[in-house]
file entry-v4.txt (compact mmCIF, C-alpha atoms and all ligand atoms)
# COMPACT_ATOMS: atom_id res chain seq x y z
CA MET E 85 86.32 -197.20 175.68
CA MET E 86 82.58 -196.67 175.24
CA PRO E 87 81.29 -194.02 177.67
CA ASP E 88 78.51 -194.98 180.10
CA LEU E 89 75.68 -193.82 177.86
CA ASP E 90 72.86 -194.87 180.21
CA ALA E 91 74.26 -192.63 182.95
CA ILE E 92 74.96 -189.77 180.53
CA VAL E 93 71.43 -189.91 179.07
CA ALA E 94 69.89 -189.97 182.56
CA ASP E 95 71.98 -186.94 183.46
CA ILE E 96 70.96 -185.09 180.28
CA ILE E 97 67.26 -185.83 180.89
CA ALA E 98 67.55 -184.40 184.43
CA THR E 99 69.44 -181.30 183.26
CA MET E 100 67.07 -180.57 180.36
CA ALA E 101 64.03 -180.89 182.64
CA GLN E 102 65.45 -177.95 184.66
CA ALA E 103 66.28 -175.76 181.64
CA GLU E 104 64.47 -172.45 181.81
CA GLU E 105 65.20 -171.06 178.35
CA ARG E 106 63.31 -173.49 176.08
CA GLY E 107 62.88 -171.41 172.89
CA ALA E 108 59.62 -170.89 171.00
CA VAL E 109 57.71 -173.38 168.84
CA ALA E 110 57.60 -172.62 165.09
CA ALA E 111 54.54 -170.44 164.62
CA TYR E 112 54.83 -169.83 160.87
CA ILE E 113 53.45 -173.34 160.27
CA PRO E 114 50.21 -173.08 162.31
CA GLU E 115 49.93 -176.81 162.95
CA LEU E 116 53.40 -176.89 164.56
CA ALA E 117 52.46 -174.05 166.91
CA LYS E 118 50.07 -176.48 168.67
CA VAL E 119 52.84 -178.80 169.91
CA ASP E 120 53.56 -178.83 173.68
CA PRO E 121 57.02 -177.21 174.11
CA ALA E 122 57.76 -179.00 177.41
CA GLN E 123 58.65 -182.26 175.65
CA PHE E 124 62.18 -183.62 175.22
CA GLY E 125 63.40 -186.92 173.81
CA ILE E 126 66.73 -188.50 172.96
CA ALA E 127 67.74 -191.75 171.25
CA ILE E 128 71.27 -193.00 170.60
CA VAL E 129 72.12 -196.02 168.44
CA THR E 130 75.72 -197.15 168.68
CA ALA E 131 77.76 -198.80 165.94
CA ASP E 132 77.50 -202.13 167.78
CA GLY E 133 73.70 -201.88 167.69
CA ARG E 134 72.84 -200.72 171.21
CA MET E 135 69.86 -198.36 171.57
CA ILE E 136 69.77 -195.95 174.51
CA THR E 137 66.69 -193.75 174.89
CA GLY E 138 65.40 -191.15 177.31
CA GLY E 139 62.40 -188.86 177.82
CA ASP E 140 59.86 -188.66 174.99
CA ALA E 141 61.95 -190.84 172.65
CA ASP E 142 58.90 -192.62 171.24
CA THR E 143 56.72 -189.58 170.58
CA GLY E 144 56.32 -188.75 166.89
CA PHE E 145 57.19 -185.25 165.67
CA SER E 146 57.38 -183.47 162.34
CA ILE E 147 60.86 -184.11 160.94
CA GLN E 148 60.67 -181.02 158.68
CA SER E 149 64.14 -180.10 157.36
CA ILE E 150 65.72 -183.32 158.62
CA SER E 151 63.93 -184.90 155.64
CA LYS E 152 66.41 -182.98 153.47
CA VAL E 153 69.15 -185.47 154.42
CA PHE E 154 67.12 -188.40 153.08
CA ALA E 155 65.95 -186.43 150.03
CA LEU E 156 69.57 -185.56 149.23
CA THR E 157 70.58 -189.22 149.56
CA LEU E 158 67.85 -190.25 147.10
CA ALA E 159 68.71 -187.47 144.62
CA LEU E 160 72.41 -188.39 144.65
CA GLY E 161 71.34 -191.96 143.93
CA LYS E 162 69.44 -190.74 140.86
CA VAL E 163 71.77 -188.17 139.30
CA GLY E 164 75.07 -188.55 141.20
CA ASP E 165 77.50 -185.66 141.02
CA GLN E 166 75.40 -183.92 138.35
CA LEU E 167 73.36 -182.65 141.26
CA TRP E 168 76.16 -180.18 142.01
CA GLU E 169 75.49 -178.37 138.73
CA ARG E 170 72.17 -177.25 140.23
CA VAL E 171 72.95 -176.93 143.97
CA GLY E 172 76.08 -175.65 145.72
CA ARG E 173 77.98 -177.07 148.68
CA GLU E 174 78.76 -173.97 150.71
CA PRO E 175 77.17 -172.68 153.90
CA SER E 176 74.88 -169.77 153.10
CA GLY E 177 75.37 -167.66 156.23
CA ASN E 178 71.70 -166.81 155.79
CA ALA E 179 68.41 -167.96 157.27
CA PHE E 180 66.99 -171.29 156.03
CA ASN E 181 64.25 -169.56 154.03
CA SER E 182 66.29 -166.67 152.58
CA ILE E 183 65.87 -165.68 148.93
CA THR E 184 68.58 -163.01 148.64
CA GLN E 185 71.52 -165.00 147.27
CA LEU E 186 69.50 -166.55 144.45
CA GLU E 187 69.39 -163.35 142.42
CA HIS E 188 73.18 -162.94 142.21
CA GLU E 189 73.89 -166.64 141.96
CA GLN E 190 71.74 -167.50 138.92
CA GLY E 191 69.07 -169.36 140.87
CA ILE E 192 71.61 -171.92 142.15
CA PRO E 193 71.05 -172.37 145.91
CA ARG E 194 74.12 -172.45 148.14
CA ASN E 195 73.50 -175.96 149.51
CA PRO E 196 70.88 -178.75 149.60
CA PHE E 197 69.78 -178.02 153.18
CA ILE E 198 68.48 -174.46 152.91
CA ASN E 199 64.89 -174.42 151.64
CA ALA E 200 65.86 -173.28 148.12
CA GLY E 201 68.36 -176.14 147.80
CA ALA E 202 65.92 -178.70 149.14
CA ILE E 203 63.30 -177.52 146.65
CA VAL E 204 65.75 -178.20 143.79
CA VAL E 205 66.52 -181.62 145.30
CA THR E 206 62.76 -182.29 145.44
CA ASP E 207 62.51 -181.28 141.77
CA VAL E 208 65.22 -183.85 140.95
CA ASN E 209 63.45 -186.54 142.98
CA LEU E 210 60.13 -185.91 141.18
CA GLY E 211 61.74 -187.15 137.94
CA GLY E 212 58.64 -186.50 135.83
CA HIS E 213 56.31 -188.34 138.22
CA GLN E 214 53.43 -187.18 140.39
CA PRO E 215 54.25 -186.10 143.99
CA ARG E 216 52.65 -189.24 145.42
CA VAL E 217 55.22 -191.38 143.57
CA ALA E 218 58.16 -189.38 144.97
CA ILE E 219 56.65 -189.34 148.46
CA GLY E 220 55.99 -193.09 148.26
CA GLU E 221 59.65 -193.60 147.38
CA MET E 222 60.78 -191.47 150.32
CA LEU E 223 58.54 -193.37 152.77
CA ARG E 224 59.77 -196.73 151.46
CA PHE E 225 63.35 -195.53 151.87
CA LEU E 226 62.70 -194.57 155.49
CA HIS E 227 60.89 -197.87 156.15
CA TYR E 228 63.98 -199.69 154.84
CA LEU E 229 66.44 -197.57 156.84
CA CYS E 230 64.49 -197.92 160.11
CA GLU E 231 63.19 -201.45 159.48
CA ASP E 232 59.82 -200.00 160.51
CA ASP E 233 56.85 -199.66 158.17
CA SER E 234 54.80 -197.45 160.49
CA ILE E 235 56.42 -194.13 159.47
CA ALA E 236 53.86 -191.89 157.77
CA ILE E 237 52.97 -188.33 156.84
CA ASN E 238 51.02 -186.04 159.15
CA GLU E 239 48.49 -184.73 156.63
CA ALA E 240 47.37 -181.85 158.89
CA VAL E 241 50.94 -180.51 158.98
CA ALA E 242 51.30 -180.89 155.19
CA ALA E 243 48.00 -179.03 154.66
CA SER E 244 49.01 -176.33 157.14
CA GLU E 245 52.22 -175.63 155.28
CA THR E 246 50.56 -175.81 151.87
CA ALA E 247 48.16 -173.09 153.03
CA THR E 248 50.87 -170.80 154.40
CA GLY E 249 54.11 -171.63 152.57
CA PHE E 250 54.33 -168.38 150.60
CA ARG E 251 58.08 -167.98 151.01
CA ASN E 252 58.70 -171.46 149.64
CA ALA E 253 56.36 -170.67 146.74
CA ALA E 254 58.43 -167.54 146.07
CA LEU E 255 61.69 -169.52 146.16
CA ALA E 256 60.34 -172.21 143.84
CA ASN E 257 58.91 -169.72 141.34
CA TYR E 258 62.09 -167.68 141.39
CA MET E 259 64.24 -170.72 140.65
CA ARG E 260 61.82 -171.83 137.95
CA ALA E 261 62.55 -168.52 136.23
CA PHE E 262 66.22 -169.66 136.10
CA ASP E 263 65.14 -173.12 134.87
CA ASN E 264 66.55 -174.63 138.06
CA VAL E 265 63.07 -175.89 138.99
CA ARG E 266 61.77 -177.89 136.04
CA HIS E 267 58.45 -179.36 137.11
CA PRO E 268 55.32 -177.29 137.75
CA VAL E 269 55.84 -175.40 141.00
CA ASP E 270 52.68 -176.76 142.67
CA LEU E 271 53.88 -180.34 142.14
CA VAL E 272 57.35 -179.58 143.53
CA LEU E 273 55.93 -177.80 146.57
CA GLY E 274 53.32 -180.52 147.11
CA SER E 275 56.11 -183.08 147.24
CA TYR E 276 58.34 -180.86 149.41
CA PHE E 277 55.65 -180.04 151.99
CA HIS E 278 54.63 -183.70 152.34
CA GLN E 279 58.24 -184.78 152.77
CA CYS E 280 58.70 -182.18 155.53
CA ALA E 281 55.48 -183.39 157.21
CA ILE E 282 56.75 -186.94 157.74
CA GLU E 283 56.40 -187.84 161.40
CA MET E 284 59.03 -189.86 163.24
CA SER E 285 60.15 -190.44 166.82
CA CYS E 286 63.71 -189.98 168.09
CA ARG E 287 64.08 -193.76 168.13
CA GLN E 288 63.06 -194.04 164.47
CA LEU E 289 65.21 -191.10 163.40
CA ALA E 290 68.31 -192.46 165.12
CA LEU E 291 67.73 -195.78 163.32
CA ALA E 292 67.34 -193.98 159.99
CA GLY E 293 70.72 -192.28 160.50
CA ARG E 294 72.67 -195.50 161.04
CA PHE E 295 73.99 -195.69 157.47
CA LEU E 296 75.70 -192.34 157.97
CA MET E 297 77.63 -193.58 161.02
CA LEU E 298 78.47 -196.88 159.26
CA ASP E 299 80.25 -195.54 156.16
CA GLY E 300 77.09 -196.03 154.08
CA ARG E 301 76.28 -199.59 155.19
CA HIS E 302 72.84 -200.78 156.30
CA PRO E 303 73.30 -202.59 159.63
CA GLY E 304 71.04 -205.37 158.34
CA GLY E 305 73.53 -206.03 155.51
CA GLY E 306 73.92 -204.38 152.15
CA ARG E 307 74.90 -200.87 151.24
CA VAL E 308 72.77 -197.71 151.25
CA VAL E 309 75.47 -195.44 149.76
CA SER E 310 79.21 -195.69 149.10
CA PRO E 311 81.62 -194.74 151.91
CA ARG E 312 82.59 -191.63 149.93
CA ARG E 313 78.98 -190.51 149.63
CA ALA E 314 78.29 -191.08 153.34
CA ARG E 315 81.35 -188.97 154.15
CA ARG E 316 80.18 -186.20 151.87
CA ILE E 317 76.64 -186.14 153.29
CA ASN E 318 78.12 -185.93 156.78
CA ALA E 319 80.37 -183.07 155.63
CA LEU E 320 77.35 -181.15 154.34
CA MET E 321 75.50 -181.75 157.60
CA LEU E 322 78.46 -180.38 159.54
CA THR E 323 78.92 -177.29 157.37
CA CYS E 324 75.31 -176.49 156.37
CA GLY E 325 72.98 -178.51 158.62
CA HIS E 326 72.09 -175.66 160.95
CA TYR E 327 71.88 -172.79 158.42
CA ASP E 328 73.47 -169.58 159.69
CA ALA E 329 74.05 -171.28 163.04
CA SER E 330 76.14 -174.11 161.51
CA GLY E 331 79.36 -172.55 162.78
CA ASP E 332 77.92 -172.24 166.28
CA PHE E 333 76.74 -175.87 166.22
CA ALA E 334 80.23 -177.02 165.14
CA PHE E 335 81.74 -174.89 167.89
CA ARG E 336 79.43 -176.18 170.62
CA VAL E 337 78.77 -179.77 169.52
CA GLY E 338 81.31 -180.60 166.81
CA ILE E 339 79.55 -183.39 164.90
CA PRO E 340 77.49 -183.50 161.68
CA GLY E 341 73.90 -182.53 162.49
CA LYS E 342 70.69 -181.64 160.70
CA SER E 343 67.92 -179.71 162.40
CA GLY E 344 64.24 -179.22 161.59
CA VAL E 345 61.70 -176.62 162.71
CA GLY E 346 59.69 -179.40 164.33
CA GLY E 347 62.44 -179.29 166.98
CA GLY E 348 64.31 -182.44 165.97
CA ILE E 349 68.04 -182.83 165.29
CA LEU E 350 69.73 -185.85 163.72
CA ALA E 351 73.42 -185.98 164.66
CA ILE E 352 76.03 -188.45 163.46
CA VAL E 353 79.26 -189.51 165.13
CA PRO E 354 80.99 -191.32 162.25
CA GLY E 355 81.96 -194.83 163.31
CA SER E 356 80.33 -194.50 166.73
CA ALA E 357 76.73 -193.31 166.98
CA SER E 358 73.56 -192.05 165.32
CA ILE E 359 71.68 -189.70 167.64
CA ALA E 360 68.27 -188.05 167.50
CA VAL E 361 67.09 -185.39 169.94
CA TRP E 362 63.80 -183.54 169.96
CA SER E 363 62.37 -180.59 171.82
CA PRO E 364 59.93 -178.29 169.98
CA GLY E 365 61.13 -174.88 171.23
CA LEU E 366 63.47 -173.19 168.74
CA ASN E 367 66.24 -170.63 169.07
CA ALA E 368 66.48 -167.53 166.89
CA SER E 369 68.03 -169.52 164.00
CA GLY E 370 65.13 -172.00 163.94
CA ASN E 371 67.04 -174.86 165.60
CA SER E 372 65.93 -176.71 168.74
CA GLN E 373 67.10 -174.80 171.80
CA ILE E 374 67.08 -177.71 174.24
CA GLY E 375 68.04 -180.24 171.56
CA THR E 376 71.23 -178.32 170.79
CA GLN E 377 72.01 -177.97 174.48
CA ALA E 378 71.49 -181.71 175.01
CA LEU E 379 73.88 -182.54 172.15
CA GLU E 380 76.42 -180.12 173.58
CA GLU E 381 76.22 -181.97 176.91
CA LEU E 382 76.44 -185.34 175.19
CA ALA E 383 79.52 -184.32 173.19
CA ARG E 384 81.15 -182.96 176.34
CA HIS E 385 80.56 -186.17 178.33
CA THR E 386 81.52 -188.58 175.52
CA GLY E 387 84.33 -186.71 173.76
CA TRP E 388 82.42 -187.32 170.52
CA SER E 389 83.26 -184.00 168.86
CA VAL E 390 85.13 -184.75 165.65
CA PHE E 391 87.56 -181.97 166.53
O1 LIG H 401 60.03 -175.20 154.37
C1 LIG H 401 59.94 -174.93 155.56
O2 LIG H 401 60.01 -173.79 155.99
C2 LIG H 401 59.77 -176.10 156.52
N1 LIG H 401 58.97 -177.13 155.92
C3 LIG H 401 61.09 -176.69 156.90
C4 LIG H 401 62.05 -175.69 157.46
C5 LIG H 401 62.94 -176.23 158.50
O3 LIG H 401 62.72 -177.27 159.08
C6 LIG H 401 64.07 -175.38 158.89
N2 LIG H 401 64.78 -175.98 159.98
N3 LIG H 401 65.25 -175.67 160.96

call {"tool": "encode", "arguments": {"input": "entry-v4.txt", "output": "structure tokens", "more": "lines below"}}
Ligand code: DON
result
Amino acid sequence: MMPDLDAIVADIIATMAQAEERGAVAAYIPELAKVDPAQFGIAIVTADGRMITGGDADTGFSIQSISKVFALTLALGKVGDQLWERVGREPSGNAFNSITQLEHEQGIPRNPFINAGAIVVTDVNLGGHQPRVAIGEMLRFLHYLCEDDSIAINEAVAASETATGFRNAALANYMRAFDNVRHPVDLVLGSYFHQCAIEMSCRQLALAGRFLMLDGRHPGGGRVVSPRRARRINALMLTCGHYDASGDFAFRVGIPGKSGVGGGILAIVPGSASIAVWSPGLNASGNSQIGTQALEELARHTGWSVF
């Protein structure tokens, strides 16, 4: 039986409004530090097409690392399982921007969701083209998934990260030394920073995640990925989607989820729901403090944990 989602969302909105510990906005990307931390939004799309929203569900935010899910989907479409020769599929147990494992592991990042892995995925998606071609492809993909052509890049955020993204530059250069980044580093980073700076609302993000709850199908008809690929992307989100807090997220929430330092989380209940939450304050692992708490509440009320 479908839980009463309207009542549950209303309850979550009320609880989150009272929350005292709201985390801190990402300050290492100066443009993100300007966002008002008091905001919270939630959107749930169910497998039968219902949309339930609450709070600031229509406010756009920087999707940041959540873009790595869509970038991975595109890269798998281009090179299939060959991708796994250049990126691993194991949780790293390290911070999202860590460089340490790369030295001992021949420049092969642990998984496609840490920054190093996403930079390799971006390199694959460039495919010899200019960044604007790869970014155009990503935006068209999101427009198709959400059936909404208004999704765009926040250029101020992209510029802010380009000016300060020294760790990502280090990761990209280091992997280039292992020939695991194959295009010029400035082109790869240009593409990566713009992809991270895409702005979406909870409503749009939940719509974009529908193919992952529907075994790879687009609800409008047609197929985005095979059922096997959808299952595998969900598995990676569950095991690696929250970096060194992935175990804690599985423990507390128990569904595939991908966070971003803009404060968003995309969470998938296979067969049942695609959920987006957003609140800009982050916990120590760089994941939304209130967003995680809201998903924990939602999983508790609905029984949606996969465990
Ligand atoms: O590369 C970065 O550091 C950011 N553009 C994205 C990091 C991120 O979203 C980590 N997520 N929690």

call {"tool": "closest_atom_pairs", "arguments": {"input": "entry-v4.txt", "of": "stretch 121-148 of chain E", "to": "stretch 376-383 of chain E", "cutoff": "12 Å", "atoms": "all atoms listed in the file", "output": "tab-separated table"}}
result
residue	atom	partner	partner_atom	distance
E:Phe124	CA	E:Ala378	CA	9.5
E:Gly125	CA	E:Ala378	CA	9.7
E:Ile126	CA	E:Ala378	CA	8.5
E:Ala127	CA	E:Leu379	CA	11.1
E:Ile128	CA	E:Leu382	CA	10.3
E:Gly138	CA	E:Ala378	CA	11.5
E:Gly139	CA	E:Ala378	CA	11.9

call {"tool": "residues_near_ligand", "arguments": {"input": "entry-v4.txt", "ligand": "ligand LIG 401 (chain H)", "cutoff": "10 Å", "atoms": "all atoms listed in the file", "output": "MDAnalysis selection string"}}
result
chainID E and resid 110 112:113 146:152 179:181 197:200 202:203 241:242 245:246 248:253 273 276:281 325:327 342:349 366:367 369:372

call {"tool": "closest_residue", "arguments": {"input": "entry-v4.txt", "among": "E:Glu239, E:Glu105, E:Asp132, E:Glu174", "to": "E:Ser363", "atoms": "all atoms listed in the file"}}
result
E:Glu105

call {"tool": "closest_residue", "arguments": {"input": "entry-v4.txt", "among": "E:Glu283, E:Asp332, E:Glu169, E:Asp263", "to": "E:Ile237", "atoms": "only C-alpha atoms"}}
result
E:Glu283

call {"tool": "closest_residue", "arguments": {"input": "entry-v4.txt", "among": "E:Val153, E:His267, E:Trp362, E:Leu289", "to": "E:Ala319", "atoms": "only C-alpha atoms"}}
result
E:Val153

call {"tool": "atom_distance", "arguments": {"input": "entry-v4.txt", "atom1": "atom CA of E:Pro354", "atom2": "atom CA of E:Ile339"}}
result
8.5 Å

call {"tool": "atom_distance", "arguments": {"input": "entry-v4.txt", "atom1": "atom CA of E:Ala122", "atom2": "atom CA of E:Ala329"}}
result
23.1 Å

call {"tool": "closest_residue", "arguments": {"input": "entry-v4.txt", "among": "E:Ser285, E:Gln190, E:Thr206, E:Ser358", "to": "E:Asn318", "atoms": "all atoms listed in the file"}}
result
E:Ser358

call {"tool": "closest_atom_pairs", "arguments": {"input": "entry-v4.txt", "of": "stretch 105-178 of chain E", "to": "stretch 310-314 of chain E", "cutoff": "12 Å", "atoms": "all atoms listed in the file", "output": "tab-separated table"}}
result
residue	atom	partner	partner_atom	distance
E:Val153	CA	E:Ala314	CA	10.8
E:Phe154	CA	E:Ala314	CA	11.5
E:Leu156	CA	E:Arg313	CA	10.6
E:Thr157	CA	E:Arg313	CA	8.5
E:Leu158	CA	E:Arg313	CA	11.4
E:Ala159	CA	E:Arg313	CA	11.8
E:Leu160	CA	E:Arg313	CA	8.5
E:Gly161	CA	E:Arg313	CA	9.6
E:Gly164	CA	E:Arg313	CA	9.5
E:Asp165	CA	E:Arg313	CA	10.0

call {"tool": "closest_residue", "arguments": {"input": "entry-v4.txt", "among": "E:Ala256, E:Ala141, E:Leu271, E:Ala334", "to": "E:Cys286", "atoms": "only C-alpha atoms"}}
result
E:Ala141

call {"tool": "residues_around", "arguments": {"input": "entry-v4.txt", "residues": "E:Ser356", "least_positions_apart": "4", "cutoff": "10 Å", "atoms": "all atoms listed in the file", "output": "count of residues only"}}
result
12

call {"tool": "closest_residue", "arguments": {"input": "entry-v4.txt", "among": "E:Gln123, E:Ser389, E:Gln288, E:Ser330", "to": "E:Cys230", "atoms": "all atoms listed in the file"}}
result
E:Gln288

call {"tool": "decode", "arguments": {"input": "entry-v4.txt", "residues": "stretch 254-277 of chain E", "atoms": "N, CA and C atoms", "output": "mmCIF file, in the first residue's frame"}}
result
data_model
loop_
_atom_site.group_PDB
_atom_site.id
_atom_site.type_symbol
_atom_site.label_atom_id
_atom_site.label_comp_id
_atom_site.auth_asym_id
_atom_site.auth_seq_id
_atom_site.Cartn_x
_atom_site.Cartn_y
_atom_site.Cartn_z
ATOM 1 N N ALA E 254 44.806 19.591 -9.574
ATOM 2 C CA ALA E 254 45.852 18.651 -9.158
ATOM 3 C C ALA E 254 45.458 17.219 -9.522
ATOM 4 N N LEU E 255 44.209 16.860 -9.235
ATOM 5 C CA LEU E 255 43.733 15.501 -9.557
ATOM 6 C C LEU E 255 43.835 15.237 -11.055
ATOM 7 N N ALA E 256 43.375 16.189 -11.849
ATOM 8 C CA ALA E 256 43.362 15.998 -13.307
ATOM 9 C C ALA E 256 44.787 15.888 -13.852
ATOM 10 N N ASN E 257 45.672 16.761 -13.385
ATOM 11 C CA ASN E 257 47.065 16.693 -13.857
ATOM 12 C C ASN E 257 47.728 15.392 -13.426
ATOM 13 N N TYR E 258 47.433 14.974 -12.221
ATOM 14 C CA TYR E 258 48.041 13.742 -11.704
ATOM 15 C C TYR E 258 47.593 12.532 -12.542
ATOM 16 N N MET E 259 46.324 12.496 -12.863
ATOM 17 C CA MET E 259 45.814 11.366 -13.666
ATOM 18 C C MET E 259 46.268 11.465 -15.116
ATOM 19 N N ARG E 260 46.536 12.678 -15.571
ATOM 20 C CA ARG E 260 47.071 12.829 -16.931
ATOM 21 C C ARG E 260 48.459 12.207 -16.997
ATOM 22 N N ALA E 261 49.213 12.317 -15.898
ATOM 23 C CA ALA E 261 50.542 11.726 -15.855
ATOM 24 C C ALA E 261 50.466 10.197 -16.000
ATOM 25 N N PHE E 262 49.329 9.605 -15.610
ATOM 26 C CA PHE E 262 49.126 8.149 -15.766
ATOM 27 C C PHE E 262 48.397 7.822 -17.078
ATOM 28 N N ASP E 263 48.199 8.839 -17.909
ATOM 29 C CA ASP E 263 47.442 8.689 -19.155
ATOM 30 C C ASP E 263 45.994 8.254 -18.911
ATOM 31 N N ASN E 264 45.471 8.566 -17.715
ATOM 32 C CA ASN E 264 44.059 8.256 -17.483
ATOM 33 C C ASN E 264 43.178 9.489 -17.689
ATOM 34 N N VAL E 265 43.803 10.638 -17.941
ATOM 35 C CA VAL E 265 43.110 11.812 -18.497
ATOM 36 C C VAL E 265 43.812 12.050 -19.822
ATOM 37 N N ARG E 266 43.032 12.136 -20.908
ATOM 38 C CA ARG E 266 43.657 12.094 -22.238
ATOM 39 C C ARG E 266 43.481 13.367 -23.040
ATOM 40 N N HIS E 267 42.574 14.231 -22.599
ATOM 41 C CA HIS E 267 42.433 15.540 -23.251
ATOM 42 C C HIS E 267 43.217 16.561 -22.430
ATOM 43 N N PRO E 268 43.495 17.731 -23.016
ATOM 44 C CA PRO E 268 44.149 18.784 -22.234
ATOM 45 C C PRO E 268 43.361 19.066 -20.955
ATOM 46 N N VAL E 269 44.096 19.200 -19.861
ATOM 47 C CA VAL E 269 43.466 19.325 -18.543
ATOM 48 C C VAL E 269 42.491 20.511 -18.484
ATOM 49 N N ASP E 270 42.836 21.635 -19.107
ATOM 50 C CA ASP E 270 41.930 22.793 -19.006
ATOM 51 C C ASP E 270 40.585 22.522 -19.694
ATOM 52 N N LEU E 271 40.601 21.707 -20.747
ATOM 53 C CA LEU E 271 39.323 21.374 -21.403
ATOM 54 C C LEU E 271 38.487 20.433 -20.524
ATOM 55 N N VAL E 272 39.156 19.465 -19.914
ATOM 56 C CA VAL E 272 38.442 18.511 -19.046
ATOM 57 C C VAL E 272 37.838 19.246 -17.853
ATOM 58 N N LEU E 273 38.648 20.108 -17.235
ATOM 59 C CA LEU E 273 38.146 20.840 -16.058
ATOM 60 C C LEU E 273 37.040 21.817 -16.451
ATOM 61 N N GLY E 274 37.206 22.458 -17.604
ATOM 62 C CA GLY E 274 36.177 23.395 -18.079
ATOM 63 C C GLY E 274 34.841 22.680 -18.191
ATOM 64 N N SER E 275 34.882 21.482 -18.762
ATOM 65 C CA SER E 275 33.667 20.697 -18.938
ATOM 66 C C SER E 275 33.120 20.257 -17.576
ATOM 67 N N TYR E 276 34.023 19.779 -16.708
ATOM 68 C CA TYR E 276 33.622 19.292 -15.381
ATOM 69 C C TYR E 276 32.987 20.410 -14.538
ATOM 70 N N PHE E 277 33.627 21.571 -14.502
ATOM 71 C CA PHE E 277 33.103 22.665 -13.670
ATOM 72 C C PHE E 277 31.736 23.143 -14.173
#
